[in-house]
file start.pdb (PDB, C-alpha atoms, pLDDT in the B column)
MODEL        1
ATOM      1  CA  MET D 514      -1.258 -94.760  -1.289  1.00 54.00           C
ATOM      2  CA  VAL D 515      -3.017 -93.090   1.605  1.00 62.00           C
ATOM      3  CA  ALA D 516      -0.880 -90.014   0.957  1.00 63.00           C
ATOM      4  CA  GLY D 517      -2.522 -89.765  -2.456  1.00 61.00           C
ATOM      5  CA  VAL D 518      -5.860 -89.098  -0.817  1.00 62.00           C
ATOM      6  CA  PHE D 519      -4.515 -86.259   1.308  1.00 72.00           C
ATOM      7  CA  ARG D 520      -1.635 -84.842  -0.721  1.00 73.00           C
ATOM      8  CA  GLY D 521      -2.244 -85.920  -4.318  1.00 81.00           C
ATOM      9  CA  PHE D 522      -1.073 -88.466  -6.837  1.00 86.00           C
ATOM     10  CA  ASN D 523       2.434 -87.020  -7.220  1.00 88.00           C
ATOM     11  CA  THR D 524       3.163 -87.405  -3.510  1.00 88.00           C
ATOM     12  CA  SER D 525       2.039 -91.033  -3.628  1.00 88.00           C
ATOM     13  CA  LEU D 526       4.234 -91.643  -6.643  1.00 92.00           C
ATOM     14  CA  ASP D 527       7.199 -89.978  -4.909  1.00 93.00           C
ATOM     15  CA  MET D 528       6.683 -92.188  -1.860  1.00 92.00           C
ATOM     16  CA  LEU D 529       6.471 -95.336  -3.991  1.00 93.00           C
ATOM     17  CA  LEU D 530       9.610 -94.415  -5.918  1.00 95.00           C
ATOM     18  CA  GLY D 531      11.458 -93.602  -2.681  1.00 94.00           C
ATOM     19  CA  ALA D 532      10.488 -96.993  -1.298  1.00 95.00           C
ATOM     20  CA  ALA D 533      11.581 -98.718  -4.515  1.00 95.00           C
ATOM     21  CA  VAL D 534      14.979 -97.000  -4.406  1.00 96.00           C
ATOM     22  CA  VAL D 535      15.572 -98.536  -0.972  1.00 94.00           C
ATOM     23  CA  LEU D 536      13.910-101.921  -1.439  1.00 94.00           C
ATOM     24  CA  LEU D 537      15.304-102.952  -4.829  1.00 94.00           C
ATOM     25  CA  PRO D 538      18.992-102.941  -3.773  1.00 93.00           C
ATOM     26  CA  SER D 539      18.020-104.616  -0.495  1.00 90.00           C
ATOM     27  CA  ALA D 540      16.154-107.352  -2.356  1.00 91.00           C
ATOM     28  CA  TRP D 541      19.128-107.871  -4.671  1.00 89.00           C
ATOM     29  CA  VAL D 542      21.484-108.249  -1.697  1.00 87.00           C
ATOM     30  CA  ALA D 543      19.094-110.625   0.073  1.00 85.00           C
ATOM     31  CA  THR D 544      18.770-112.867  -2.972  1.00 86.00           C
ATOM     32  CA  SER D 545      22.515-112.761  -3.562  1.00 83.00           C
ATOM     33  CA  LEU D 546      23.285-113.796   0.004  1.00 80.00           C
ATOM     34  CA  THR D 547      20.703-116.580   0.134  1.00 82.00           C
ATOM     35  CA  SER D 548      21.311-118.030  -3.331  1.00 78.00           C
ATOM     36  CA  GLY D 549      24.385-119.938  -2.219  1.00 73.00           C
ATOM     37  CA  ARG D 550      26.185-118.955  -5.412  1.00 70.00           C
ATOM     38  CA  SER D 551      27.428-115.595  -4.188  1.00 67.00           C
ATOM     39  CA  VAL D 552      31.166-115.219  -4.576  1.00 70.00           C
ATOM     40  CA  ILE D 553      31.095-111.650  -3.296  1.00 74.00           C
ATOM     41  CA  SER D 554      31.672-111.139   0.398  1.00 81.00           C
ATOM     42  CA  PRO D 555      28.800-109.707   2.460  1.00 78.00           C
ATOM     43  CA  ILE D 556      30.820-106.554   3.137  1.00 83.00           C
ATOM     44  CA  TRP D 557      31.062-105.775  -0.573  1.00 86.00           C
ATOM     45  CA  LEU D 558      27.378-106.564  -1.022  1.00 85.00           C
ATOM     46  CA  GLY D 559      26.528-104.094   1.737  1.00 84.00           C
ATOM     47  CA  LEU D 560      28.639-101.423   0.095  1.00 91.00           C
ATOM     48  CA  ALA D 561      27.013-102.190  -3.246  1.00 89.00           C
ATOM     49  CA  ARG D 562      23.577-101.898  -1.639  1.00 90.00           C
ATOM     50  CA  TYR D 563      24.243 -98.398  -0.351  1.00 92.00           C
ATOM     51  CA  SER D 564      25.946 -97.364  -3.589  1.00 94.00           C
ATOM     52  CA  LEU D 565      22.987 -98.591  -5.625  1.00 94.00           C
ATOM     53  CA  ALA D 566      20.563 -96.774  -3.331  1.00 94.00           C
ATOM     54  CA  ALA D 567      22.567 -93.553  -3.695  1.00 95.00           C
ATOM     55  CA  ALA D 568      22.602 -93.965  -7.474  1.00 96.00           C
ATOM     56  CA  GLY D 569      18.877 -94.668  -7.370  1.00 95.00           C
ATOM     57  CA  PHE D 570      18.166 -91.456  -5.475  1.00 96.00           C
ATOM     58  CA  ALA D 571      20.347 -89.500  -7.914  1.00 96.00           C
ATOM     59  CA  ALA D 572      18.570 -91.058 -10.904  1.00 96.00           C
ATOM     60  CA  LEU D 573      15.171 -90.415  -9.346  1.00 95.00           C
ATOM     61  CA  PHE D 574      15.824 -86.713  -8.883  1.00 95.00           C
ATOM     62  CA  VAL D 575      17.383 -86.400 -12.355  1.00 96.00           C
ATOM     63  CA  LEU D 576      14.512 -88.183 -14.103  1.00 95.00           C
ATOM     64  CA  ARG D 577      11.823 -86.496 -11.995  1.00 94.00           C
ATOM     65  CA  PRO D 578      13.187 -83.065 -11.059  1.00 93.00           C
ATOM     66  CA  GLY D 579       9.792 -82.036  -9.694  1.00 92.00           C
ATOM     67  CA  SER D 580       9.815 -84.806  -7.093  1.00 92.00           C
ATOM     68  CA  GLU D 581       8.990 -83.736  -3.586  1.00 91.00           C
ATOM     69  CA  PRO D 582      12.025 -84.597  -1.409  1.00 93.00           C
ATOM     70  CA  LEU D 583       9.881 -85.036   1.700  1.00 92.00           C
ATOM     71  CA  GLY D 584       7.665 -87.570  -0.062  1.00 90.00           C
ATOM     72  CA  VAL D 585      10.679 -89.521  -1.337  1.00 94.00           C
ATOM     73  CA  LEU D 586      12.232 -89.476   2.134  1.00 94.00           C
ATOM     74  CA  ALA D 587       8.973 -90.586   3.764  1.00 92.00           C
ATOM     75  CA  GLY D 588       8.633 -93.477   1.319  1.00 93.00           C
ATOM     76  CA  SER D 589      12.192 -94.618   1.847  1.00 95.00           C
ATOM     77  CA  ALA D 590      11.848 -94.356   5.630  1.00 94.00           C
ATOM     78  CA  LEU D 591       8.678 -96.447   5.550  1.00 92.00           C
ATOM     79  CA  ALA D 592      10.448 -99.018   3.376  1.00 93.00           C
ATOM     80  CA  LEU D 593      13.193 -99.299   5.996  1.00 91.00           C
ATOM     81  CA  VAL D 594      10.919 -99.439   9.047  1.00 94.00           C
ATOM     82  CA  LEU D 595       7.859-101.414   7.956  1.00 91.00           C
ATOM     83  CA  PRO D 596       9.387-104.807   6.988  1.00 88.00           C
ATOM     84  CA  PRO D 597      11.144-105.407  10.343  1.00 89.00           C
ATOM     85  CA  ALA D 598       8.117-104.086  12.227  1.00 91.00           C
ATOM     86  CA  LEU D 599       5.821-106.477  10.358  1.00 91.00           C
ATOM     87  CA  VAL D 600       8.139-109.414  11.051  1.00 89.00           C
ATOM     88  CA  VAL D 601       8.147-108.627  14.785  1.00 90.00           C
ATOM     89  CA  TRP D 602       4.374-108.202  14.788  1.00 90.00           C
ATOM     90  CA  HIS D 603       3.912-111.500  12.933  1.00 89.00           C
ATOM     91  CA  GLN D 604       6.238-113.363  15.308  1.00 88.00           C
ATOM     92  CA  ARG D 605       4.455-112.023  18.359  1.00 87.00           C
ATOM     93  CA  ARG D 606       1.061-112.810  16.899  1.00 86.00           C
ATOM     94  CA  HIS D 607       1.966-116.370  15.901  1.00 83.00           C
ATOM     95  CA  ASN D 608       4.274-117.266  18.759  1.00 79.00           C
ATOM     96  CA  THR D 609       4.426-121.049  18.991  1.00 63.00           C
ATOM     97  CA  MET D 610       6.102-121.121  22.404  1.00 61.00           C
ATOM     98  CA  ARG D 611       3.292-120.033  24.647  1.00 58.00           C
ATOM     99  CA  PRO D 612       3.812-120.014  28.420  1.00 58.00           C
ATOM    100  CA  GLU D 613       1.667-122.487  30.309  1.00 52.00           C
TER     101      GLU D 613
ENDMDL
END

call {"tool": "encode", "arguments": {"input": "start.pdb", "output": "C-alpha coordinates"}}
result
Amino acid sequence: MVAGVFRGFNTSLDMLLGAAVVLLPSAWVATSLTSGRSVISPIWLGLARYSLAAAGFAALFVLRPGSEPLGVLAGSALALVLPPALVVWHQRRHNTMRPE
(Lines of atoms letter the chains of each structure in order from A and count residues from 1; the text may use other names and numbers.)
(Lines give C-alpha, C1' and ligand atoms only; values in the text may rest on other atoms or scores of the structure.)
Protein backbone atom coordinates (compact mmCIF):
# COMPACT_ATOMS: atom_id res chain seq x y z
CA MET A 1 0.00 0.00 0.00
CA VAL A 2 2.94 2.31 0.53
CA ALA A 3 3.64 2.05 -3.20
CA GLY A 4 0.26 3.66 -3.81
CA VAL A 5 1.45 6.84 -2.15
CA PHE A 6 4.54 7.09 -4.33
CA ARG A 7 3.56 5.37 -7.57
CA GLY A 8 -0.24 5.41 -7.68
CA PHE A 9 -3.20 3.15 -7.09
CA ASN A 10 -2.53 0.88 -10.08
CA THR A 11 0.94 -0.01 -8.81
CA SER A 12 -0.49 -0.89 -5.40
CA LEU A 13 -3.14 -3.03 -7.03
CA ASP A 14 -0.51 -4.77 -9.19
CA MET A 15 1.57 -5.51 -6.10
CA LEU A 16 -1.44 -6.89 -4.22
CA LEU A 17 -2.44 -9.08 -7.15
CA GLY A 18 1.15 -10.32 -7.56
CA ALA A 19 1.23 -11.24 -3.89
CA ALA A 20 -2.14 -13.00 -4.16
CA VAL A 21 -0.95 -15.05 -7.14
CA VAL A 22 1.88 -16.41 -4.99
CA LEU A 23 0.12 -16.69 -1.64
CA LEU A 24 -3.15 -18.35 -2.67
CA PRO A 25 -1.55 -21.54 -4.09
CA SER A 26 0.84 -21.62 -1.13
CA ALA A 27 -2.06 -21.38 1.31
CA TRP A 28 -3.90 -24.15 -0.52
CA VAL A 29 -0.85 -26.43 -0.31
CA ALA A 30 -0.33 -25.62 3.37
CA THR A 31 -3.93 -26.42 4.26
CA SER A 32 -3.83 -29.58 2.15
CA LEU A 33 -0.69 -30.84 3.87
CA THR A 34 -1.86 -30.04 7.39
CA SER A 35 -5.45 -31.24 7.04
CA GLY A 36 -4.50 -34.87 7.48
CA ARG A 37 -6.89 -35.86 4.70
CA SER A 38 -4.49 -35.24 1.83
CA VAL A 39 -4.12 -38.26 -0.41
CA ILE A 40 -1.83 -36.40 -2.79
CA SER A 41 1.89 -36.70 -2.18
CA PRO A 42 3.79 -33.54 -1.21
CA ILE A 43 5.74 -33.69 -4.48
CA TRP A 44 2.55 -33.43 -6.52
CA LEU A 45 1.28 -30.65 -4.27
CA GLY A 46 4.49 -28.71 -4.87
CA LEU A 47 4.13 -29.14 -8.61
CA ALA A 48 0.50 -28.07 -8.38
CA ARG A 49 1.53 -24.99 -6.39
CA TYR A 50 3.93 -23.81 -9.07
CA SER A 51 1.50 -24.68 -11.86
CA LEU A 52 -1.27 -22.72 -10.16
CA ALA A 53 1.05 -19.76 -9.64
CA ALA A 54 2.04 -19.83 -13.32
CA ALA A 55 -1.62 -20.00 -14.34
CA GLY A 56 -2.36 -17.16 -11.94
CA PHE A 57 0.30 -14.94 -13.50
CA ALA A 58 -1.01 -15.78 -16.98
CA ALA A 59 -4.59 -14.99 -15.93
CA LEU A 60 -3.49 -11.76 -14.25
CA PHE A 61 -1.79 -10.45 -17.37
CA VAL A 62 -4.69 -11.56 -19.60
CA LEU A 63 -7.35 -9.97 -17.40
CA ARG A 64 -5.30 -6.84 -16.71
CA PRO A 65 -3.13 -6.28 -19.79
CA GLY A 66 -2.09 -2.86 -18.50
CA SER A 67 -0.51 -4.34 -15.37
CA GLU A 68 2.97 -3.15 -14.60
CA PRO A 69 5.24 -6.24 -14.61
CA LEU A 70 7.66 -4.68 -12.13
CA GLY A 71 4.85 -4.03 -9.64
CA VAL A 72 3.55 -7.60 -9.98
CA LEU A 73 7.07 -8.97 -9.55
CA ALA A 74 7.71 -6.77 -6.51
CA GLY A 75 4.47 -7.90 -4.89
CA SER A 76 5.19 -11.55 -5.51
CA ALA A 77 8.75 -11.20 -4.22
CA LEU A 78 7.51 -9.53 -1.04
CA ALA A 79 4.96 -12.33 -0.60
CA LEU A 80 7.78 -14.88 -0.78
CA VAL A 81 10.22 -13.05 1.51
CA LEU A 82 8.08 -11.41 4.18
CA PRO A 83 6.36 -14.43 5.83
CA PRO A 84 9.61 -16.31 6.64
CA ALA A 85 11.28 -13.07 7.70
CA LEU A 86 8.41 -12.28 10.07
CA VAL A 87 8.53 -15.78 11.55
CA VAL A 88 12.27 -15.46 12.23
CA TRP A 89 11.78 -12.00 13.71
CA HIS A 90 8.94 -13.25 15.93
CA GLN A 91 10.97 -16.24 17.13
CA ARG A 92 13.95 -14.08 17.99
CA ARG A 93 11.78 -11.54 19.75
CA HIS A 94 9.89 -14.11 21.82
CA ASN A 95 12.66 -16.61 22.43
CA THR A 96 11.72 -18.67 25.47
CA MET A 97 15.17 -20.21 25.92
CA ARG A 98 17.15 -17.28 27.19
CA PRO A 99 20.77 -17.79 28.25
CA GLU A 100 21.42 -17.24 31.93

call {"tool": "residues_near_point", "arguments": {"input": "start.pdb", "point": "(21.6, -94.4, -4.2)", "cutoff": "12 Å", "atoms": "all atoms listed in the file", "output": "list of chain:residue names"}}
result
D:Gly531, D:Ala532, D:Ala533, D:Val534, D:Val535, D:Leu536, D:Leu537, D:Pro538, D:Ser539, D:Leu560, D:Ala561, D:Arg562, D:Tyr563, D:Ser564, D:Leu565, D:Ala566, D:Ala567, D:Ala568, D:Gly569, D:Phe570, D:Ala571, D:Ala572, D:Leu573, D:Phe574, D:Ser589

call {"tool": "write_last_selection", "arguments": {"input": "start.pdb", "atoms": "C-alpha atoms", "output": "PDB file, keeping the file's coordinate frame"}}
result
ATOM      1  CA  GLY D 531      11.458 -93.602  -2.681  1.00 94.00           C
ATOM      2  CA  ALA D 532      10.488 -96.993  -1.298  1.00 95.00           C
ATOM      3  CA  ALA D 533      11.581 -98.718  -4.515  1.00 95.00           C
ATOM      4  CA  VAL D 534      14.979 -97.000  -4.406  1.00 96.00           C
ATOM      5  CA  VAL D 535      15.572 -98.536  -0.972  1.00 94.00           C
ATOM      6  CA  LEU D 536      13.910-101.921  -1.439  1.00 94.00           C
ATOM      7  CA  LEU D 537      15.304-102.952  -4.829  1.00 94.00           C
ATOM      8  CA  PRO D 538      18.992-102.941  -3.773  1.00 93.00           C
ATOM      9  CA  SER D 539      18.020-104.616  -0.495  1.00 90.00           C
ATOM     10  CA  LEU D 560      28.639-101.423   0.095  1.00 91.00           C
ATOM     11  CA  ALA D 561      27.013-102.190  -3.246  1.00 89.00           C
ATOM     12  CA  ARG D 562      23.577-101.898  -1.639  1.00 90.00           C
ATOM     13  CA  TYR D 563      24.243 -98.398  -0.351  1.00 92.00           C
ATOM     14  CA  SER D 564      25.946 -97.364  -3.589  1.00 94.00           C
ATOM     15  CA  LEU D 565      22.987 -98.591  -5.625  1.00 94.00           C
ATOM     16  CA  ALA D 566      20.563 -96.774  -3.331  1.00 94.00           C
ATOM     17  CA  ALA D 567      22.567 -93.553  -3.695  1.00 95.00           C
ATOM     18  CA  ALA D 568      22.602 -93.965  -7.474  1.00 96.00           C
ATOM     19  CA  GLY D 569      18.877 -94.668  -7.370  1.00 95.00           C
ATOM     20  CA  PHE D 570      18.166 -91.456  -5.475  1.00 96.00           C
ATOM     21  CA  ALA D 571      20.347 -89.500  -7.914  1.00 96.00           C
ATOM     22  CA  ALA D 572      18.570 -91.058 -10.904  1.00 96.00           C
ATOM     23  CA  LEU D 573      15.171 -90.415  -9.346  1.00 95.00           C
ATOM     24  CA  PHE D 574      15.824 -86.713  -8.883  1.00 95.00           C
ATOM     25  CA  SER D 589      12.192 -94.618   1.847  1.00 95.00           C
TER      26      SER D 589
END

call {"tool": "atom_distance", "arguments": {"input": "start.pdb", "atom1": "CA of Thr544 (chain D)", "atom2": "CA of Ala592 (chain D)"}}
result
17.4 Å

call {"tool": "resolve_selection", "arguments": {"input": "start.pdb", "expression": "the PyMOL selection byres ((chain D and resi 581) around 12)", "output": "JSON, numbers by chain"}}
result
{"D": [520, 521, 522, 523, 524, 525, 526, 527, 528, 529, 530, 531, 573, 574, 577, 578, 579, 580, 582, 583, 584, 585, 586, 587, 588]}

call {"tool": "atom_distance", "arguments": {"input": "start.pdb", "atom1": "CA of Ser545 (chain D)", "atom2": "CA of Leu558 (chain D)"}}
result
8.3 Å

call {"tool": "closest_residue", "arguments": {"input": "start.pdb", "among": "D:Gly559, D:Asn608, D:Ser554, D:Phe519", "to": "Val542 (chain D)", "atoms": "only C-alpha atoms"}}
result
D:Gly559

call {"tool": "build_atoms", "arguments": {"input": "start.pdb", "residues": "region 592-610 of chain D", "atoms": "N, CA and C atoms", "output": "PDB file, in the frame of the given file"}}
result
ATOM      1  N   ALA D 592       9.902 -97.777   3.924  1.00 93.00           N
ATOM      2  CA  ALA D 592      10.448 -99.018   3.376  1.00 93.00           C
ATOM      3  C   ALA D 592      11.505 -99.620   4.298  1.00 93.00           C
ATOM      4  N   LEU D 593      12.191 -98.794   5.054  1.00 91.00           N
ATOM      5  CA  LEU D 593      13.193 -99.299   5.996  1.00 91.00           C
ATOM      6  C   LEU D 593      12.572 -99.789   7.293  1.00 91.00           C
ATOM      7  N   VAL D 594      11.498 -99.153   7.734  1.00 94.00           N
ATOM      8  CA  VAL D 594      10.919 -99.439   9.047  1.00 94.00           C
ATOM      9  C   VAL D 594       9.841-100.517   8.998  1.00 94.00           C
ATOM     10  N   LEU D 595       8.995-100.505   7.975  1.00 91.00           N
ATOM     11  CA  LEU D 595       7.859-101.414   7.956  1.00 91.00           C
ATOM     12  C   LEU D 595       8.205-102.899   7.879  1.00 91.00           C
ATOM     13  N   PRO D 596       9.126-103.356   7.023  1.00 88.00           N
ATOM     14  CA  PRO D 596       9.387-104.807   6.988  1.00 88.00           C
ATOM     15  C   PRO D 596       9.830-105.412   8.329  1.00 88.00           C
ATOM     16  N   PRO D 597      10.803-104.818   9.039  1.00 89.00           N
ATOM     17  CA  PRO D 597      11.144-105.407  10.343  1.00 89.00           C
ATOM     18  C   PRO D 597      10.005-105.315  11.348  1.00 89.00           C
ATOM     19  N   ALA D 598       9.243-104.229  11.297  1.00 91.00           N
ATOM     20  CA  ALA D 598       8.117-104.086  12.227  1.00 91.00           C
ATOM     21  C   ALA D 598       7.049-105.150  11.952  1.00 91.00           C
ATOM     22  N   LEU D 599       6.797-105.444  10.695  1.00 91.00           N
ATOM     23  CA  LEU D 599       5.821-106.477  10.358  1.00 91.00           C
ATOM     24  C   LEU D 599       6.304-107.866  10.750  1.00 91.00           C
ATOM     25  N   VAL D 600       7.598-108.122  10.632  1.00 89.00           N
ATOM     26  CA  VAL D 600       8.139-109.414  11.051  1.00 89.00           C
ATOM     27  C   VAL D 600       7.980-109.592  12.562  1.00 89.00           C
ATOM     28  N   VAL D 601       8.298-108.557  13.327  1.00 90.00           N
ATOM     29  CA  VAL D 601       8.147-108.627  14.785  1.00 90.00           C
ATOM     30  C   VAL D 601       6.686-108.821  15.152  1.00 90.00           C
ATOM     31  N   TRP D 602       5.801-108.074  14.505  1.00 90.00           N
ATOM     32  CA  TRP D 602       4.374-108.202  14.788  1.00 90.00           C
ATOM     33  C   TRP D 602       3.889-109.611  14.467  1.00 90.00           C
ATOM     34  N   HIS D 603       4.325-110.156  13.325  1.00 89.00           N
ATOM     35  CA  HIS D 603       3.912-111.500  12.933  1.00 89.00           C
ATOM     36  C   HIS D 603       4.429-112.547  13.909  1.00 89.00           C
ATOM     37  N   GLN D 604       5.682-112.395  14.361  1.00 88.00           N
ATOM     38  CA  GLN D 604       6.238-113.363  15.308  1.00 88.00           C
ATOM     39  C   GLN D 604       5.514-113.308  16.645  1.00 88.00           C
ATOM     40  N   ARG D 605       5.181-112.136  17.089  1.00 87.00           N
ATOM     41  CA  ARG D 605       4.455-112.023  18.359  1.00 87.00           C
ATOM     42  C   ARG D 605       3.039-112.558  18.245  1.00 87.00           C
ATOM     43  N   ARG D 606       2.441-112.374  17.096  1.00 86.00           N
ATOM     44  CA  ARG D 606       1.061-112.810  16.899  1.00 86.00           C
ATOM     45  C   ARG D 606       0.980-114.328  16.766  1.00 86.00           C
ATOM     46  N   HIS D 607       1.980-114.938  16.144  1.00 83.00           N
ATOM     47  CA  HIS D 607       1.966-116.370  15.901  1.00 83.00           C
ATOM     48  C   HIS D 607       3.056-117.076  16.701  1.00 83.00           C
ATOM     49  N   ASN D 608       3.252-116.666  17.921  1.00 79.00           N
ATOM     50  CA  ASN D 608       4.274-117.266  18.759  1.00 79.00           C
ATOM     51  C   ASN D 608       3.873-118.690  19.099  1.00 79.00           C
ATOM     52  N   THR D 609       4.745-119.648  18.757  1.00 63.00           N
ATOM     53  CA  THR D 609       4.426-121.049  18.991  1.00 63.00           C
ATOM     54  C   THR D 609       4.813-121.499  20.387  1.00 63.00           C
ATOM     55  N   MET D 610       5.670-120.755  21.059  1.00 61.00           N
ATOM     56  CA  MET D 610       6.102-121.121  22.404  1.00 61.00           C
ATOM     57  C   MET D 610       5.326-120.295  23.431  1.00 61.00           C
TER      58      MET D 610
END
